[in-house]
Every structure is written in C-alpha cells, then in structure tokens.
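Q: Below are the structure tokens for one structure; questions will follow.
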Amino acid sequence: MQVTRDFSHYVRDAGAGLQHIDLAVEGVHCAGCMAKIERGLSAIPDVTLARVNLTDRRVALEWKAGTLDPGRFIDRLEELGYKAYPFETESAEAAEVAESGFLLRCLGVAAFATMNVMMLSIPVWSGNVSDMLPEQRDFFHWLSALIALPAAAYAGQPFFRSAWRALSAKTTNMDVPISIGVILALGMSVVETIHHAEHAYFDAAIMLLTFLLVGRFLDQNMRRRTRAVAGNLAALKAETAAKFIGPDEISQVPVAAIHPGDMVLLRPGERCAVDGTVIEGRSEIDQSLITGETLYVTAEQGTPVYAGSMNISGTLRVRVSAASEATLLAEITRLLDNALAARSRYMRLADRASRLYAPVVHATALITILGWVLAGASWHDAIVTGVAVLIITCPCALGLAIPTVQTVASGAMFKAGVLLNAGDAIERLAEADHVIFDKTGTLTLPDLEVMNAADIPADIFELAGRLALSSHHPVAAAVAQAAGARAPIVSAVEEAGQGVRAVVDGAELRLGRPSFCGAEALVDGAMLDPEASIVAFSKGTEKFILSVRQGLRPDAQAVIAALKARNIGIEILSGDREPAVKAAAHALAIPEWRAGVMPADKIARIEELKRRGTKVLMVGDGMNDAPSLAAAHVSMSPISAAHLSQATADLVFLGRPLAPVTAAIDASRKALHLMRQNLWLAIGYNVLAVPVAISGVVTPLIAAAAMSGSSILVMLNSLRARSSAREIV
C-alpha cells in the first residue's frame, strides 16, 4: 500500500515566488549538527534558505514555489540521521518537556551510579598502595561493573542514539567519539576485571556520562528559558475576536477570519487580537509591550491599539488595521525568532572548527595508540591513553562558546526592549563608535499632531489625509489620522525623500516637501513654530502648509549624555526643516547636525565616515531612511518604523523611550567580550589538555572531569550576559 504525505497545511507563502516551512528536528545538540543539516538541505536544488534554530531545534526552509515536495526535506534529514516533522508550537513544546524529563532521569541514574561507583573505587585506590587482597579488589570491581554497566546503558542513551543515527547515515557528530570513549572504557574495564588487573575505569565512564548530561541538561534548560520569552508573546495572542456582522450584532470568530477594515468589540478583561484604532468608547488599556510603560493608558476615539494589549475597564469599538500574522505582535515574534536563529561571524568560526573535530580527534587518538605501541608500551596502556584523548578533546566547550552567549544576550536584549534582525548584529553593534540619528520619529515620538488643522478647508484636508495614507512617513501618518482618512487614493505614487502624488478628477495632488509641492513661498512668508515639521499640500494651483509637531522622546537627553560618556560620536541627519532640526539639536546638546538632507546625502555622509575608519550606527525610521540604514555599519529602527525600514535595520527597539539604543550597545559589547573569552577558554583548554592526554599522564577519569569542567565553565561564563539585562533596563 502506497502512503502519501500532505504537508500543504504547514507550507506558507514567503513572497517573491518562494514557499516556507518550519520543521522540528530531533537530535540537534551542537554547532556541528547545525552545520551538517544546513549543508545537507542547501544542496537540494531550488532550496534558497536552510537555517537551523538551535534554541528550539527548528529548521526554517524556503524554496522556489511549486518545485519541491516538503516531504523531501524530511527524507533528506532522515538520511543525515535526524528525525523531523512539521513544527507546531504546542507539539514542539510537549516534545521539549518530554526530552527534558528524559535527560533528567538519565542524569539521576548516572549521578546515583557515579556516587556508588566512586564509593567502591576509593577502597580500591587506597588498597592498591596498601594490603588489599586481589580477591577483595576483584569483588569491588565486579560490584562497580554491576552498577555501572546497566546505568551507562540507560544514561548514555542520548549520546548512543545520536551516534548510531549519525553512523547509520555514514556521517559523524560529536556524540560518536564520546560513545566510543565510554564503550571502550567500559569494555576495557570488564576485560581488566576478568584478568584480575589492578585498574578498572567504570568510575571514569559513568562520571563522564554524568558530566555530559549535566552540561546537556543545563544547555537545554537555558534555551527553554530564552524560548519562554517567545512563549510569553505567543500567550498574548488572542485566538478569537468579537466581530461586528451588523450594526449591533457581533459574532465570535477566529482571528484568521478578520481582515483590515472590519469592526471588532473589545470588552473589559479581554486581550486585543488585532491592531486597529478606537472609533467608539473609552477605557484604560495595558500596552506595555509596545510602549514600555507599565501604567495603564487611556484609550478613546483615535487611540491606536495593538494585538496583545489588555483592555482594563470600558468597552471599545475598534476598526481593524491588521490581524493575524500582520499584527505588530506577530512582527515582534518573528524578529525574536530571527534573533534566536541568527548566525554570527564568531558562530560560523566555531561551526567550522566543530566540523573538523570528529576526523581530527579520531586520527589523534589512533596515532596516539600506535605511537605508544611503537614506543614499547603495552596495547592496554596505549588504548587507555587513546581513550583519554577521545574523552578530553570533546569540543563541547567550543560548540557552546558562541551560541550560548548569543542566546543569553538575545534574551537579555529583548528584556531591554531590543530585538535582533541580523546574525552578526551583536558583533557589529559592539564595534560602533559613531551614531547618526534621524530626527522625525526617532529622536522624537512617532505621535504627531497637525497644529493648524482647523485653518485648512475640510474638503482639502480630507484629500490630503487620503493621499497621506499612501505614504510610509510618520508625518504623513499624522496627517491621515488628523483628517480621519480611511480610503487611500489608489493611484498614488510615493517618491522617496520627497512626498506622494496622485491625479484625482484631472487635478494633480501632492503632499510632501514644500519644494515638491511648489509651496516654498508660503513657508518663507509664514510665522511657523521652529520645532514643527512642515508639510505642504497642493491641488493644482492651490497650495497649503500643514504644521506638524512632535515632542522629543522622554529620555532622549539622558541617552545622548550616556552615549557621549561612552566616547561615541553623535550627529543628526534629518530631511526636516532647519529650524525644527536646530531646535532638537539644541535641546539635546548635539553640536553636529544637518537639516534638509536627502537620502543620497545621508549615504554620502555615512560613506565619508566609513573612509575614516568610523563604525557608524544609523538610527532612523521611515522609508527614506532605508537606504542609509542599509549603508551603515549597523542600524536600528523603532518598532513604529515603516516595515521597509524594519526589514533593513539590524536591530529594532520597542516602546517610547530611546534607552534601548544605549542598552543594546552595552549588551552587545559585553556579549562580544564574552564570546571572545569563551573562544579563548575553549581553544586554550584543548591546547593544554590534548598534549597532556597524549603524554599518558591523564587517566580517563581525569579526562572526563576536565572535559566536562571546560564545558560548564563556558556555560557559566555565558550566563554573565544575563546580568546586562538587569544593568541596562
């Protein structure tokens, strides 16, 4: 009977003619596994992306639409020695809980056996230098075997299964030499006991498994704690909403059935399932995820609300602007996933080193055995030394050196309100020594008010608002909101850095820079607020000036002072009018600023600083900032930025405060320092340990303790990145 597999339910459209699927993969424990899976899947024709997220053991795959059956990826992973299935949050979490429980049981068995075997080994060690009879020594050895062999068979399953899958697929991984070392140590111990030898290595084998299981259990739980952040976000997602299907009739429907323009009812105690704007009602809402403010805020007509916000008191009628996977909460979740799956330069370096491990360590152990035999040692002593080499050279410390820091730092930065959007963002941000800020929507709050709305004819203001809906710029968004616009002008075209234009009833409409609208004369003759941004609107020969003002972010002055204290250069490059930029620069004590800057001018300034060797951090939002964000050494955008800017930026920060900029710099510098420390710890350990093991000085027991100690040291050092969250929040 032929069995067919239909995975179409799990496949989604990734845009640009691509399809996407996430697969949960069992048995991914190290950087070497990640590299092997990514290479194996990327080799399939038409696959454009294969990226492993070690934190939740998930593989993200993209391929040209209509060219591949997703079942082929599962088959390929099976060939590589890994079991895979479509990723679903609930089932993946259940599998993680089950694996965590299994690891804990294995650790309990190994630890119990270790304590008992060590208790039996102490009299043997002391007896070998005193008067213990051979029969007594053999008795203790057989008791140790009776405890160690079944305990190792059970506790070693995580490593033996992984090694067997790898060997079955005709490949190797880190668990292969570990398994060989444990089995050889146990096998030799049984042989030694049969021949009444003085030494057996049951204690070394079972202690090695104990140390390895401690490291693997701690590693898994650390990743689960970091994943808990994403799980907390998922818990904020409401699955249903009360949708209006008539003037006064509502129906509880799935979020997937809600579309922009629909109306939903948000009752007290409910969590909002959509992004939208309040059109009726008054209440208090908790939207601390977006604003960073723990105090409740008043929601009334015109107030934006976001998915995940909790309605506290009154009833609200909300017009939907985005639902399901298009909400800001979904965007934050995707960015967090990117952060956990991101691959840095140092991580790629560790990956390459880990890939070389298996062949190098096997060759080293074999050469060691042959070398000692040729030097006159017995096969027994040579094999014991070879086992010590296999055990002591395990690259667990090297494999954990970078991903543990990256995982912990990503979680710490999220707590500080920063999400990563690029694999090497931490490293590049740590190198930044000069910050360029855009003004509008970056140094200032994205919430804007049209100061002279009452002076504009209602029909003209309505047209300006509809035209503004076609622009991504925050100033245009303020005009659209103030005008109450709901229906954009379909034929509108936006020109980056200039404005938006359209033709309606034979008349050309323009909204944007005064020069773009031919309204320079109105600006020169008007008495304008120096801190306000000026937007012009023209309808044929009719010209109007809109004065839009926004305040500085509440902590902007403190952040600028903190950056100066870190010897970081600061300047403002803004497309806004000179009086508005000058007022902001003066308020923030930033002597270097330029106004009326076009996108090309920003890029030119960044390139000029690059030629001097300056590492530029660009902080901006809006579509006209996207090119300069891409050109900078590293870039950040507020979560309120246009989607194009978020896609371009390396990091995104949440809330109204600007503090996450400083927080991200501090956290990234600490993380980079810890990455380098971990690499030196891992490399230094092997440089010192391997020659000692080859010399025959180290027993398998000491090798097990040394190897496990190096891994635990690296992990504990990585956890220091967590403190950055407490220091910078």
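Each chain of the structure tokens is named A, B, ... in the order shown, its residues numbered from 1; ligands are numbered from 1 in display order.
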Would you mind listing what lies within 6 Å of Gly314 (chain A) as a list in words, with only C-alpha atoms counted and same-chain residues fewer than 2 positions away left out?
A: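 Residues near the query, excluding close chain neighbours: Pro268, Arg282 and Ser283 of chain A.
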Q: Which residue, A:Ser321, A:Thr699, A:Thr393, A:Gln157, has the smallest gap to Asp275 (chain A) when you use only C-alpha atoms?
A: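 Answer, going by the shortest atom-to-atom distance: A:Ser321.
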Q: If we count only C-alpha atoms and set the cut-off at 12 Å, which residues sit around Ala169 (chain A), ignoring sequence neighbours fewer than 6 positions away in its own chain? Please answer as number ranges by chain.
A: A: 36, 40, 75-83, 162-163
Q: Here is a test: counting only C-alpha atoms, which residue of A:Gly71, A:Gly620, A:Gly386, A:Gly512 is nearest to Ala468 (chain A)?
A: A:Gly512
Q: Pick out the closest residue to Asn173 (chain A) from this set: A:Ile683, A:Val535, A:Ala584, A:Met34. Count only C-alpha atoms.
A: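 Using only C-alpha atoms, the shortest distance to Asn173 (chain A) belongs to A:Met34.
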Q: Hey, which of A:Gly465, A:Asp22, A:Leu61, A:Ser533 ends up closest to Arg510 (chain A)? Count only C-alpha atoms.
A: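 Of all the options, A:Gly465 lies closest to Arg510 (chain A).
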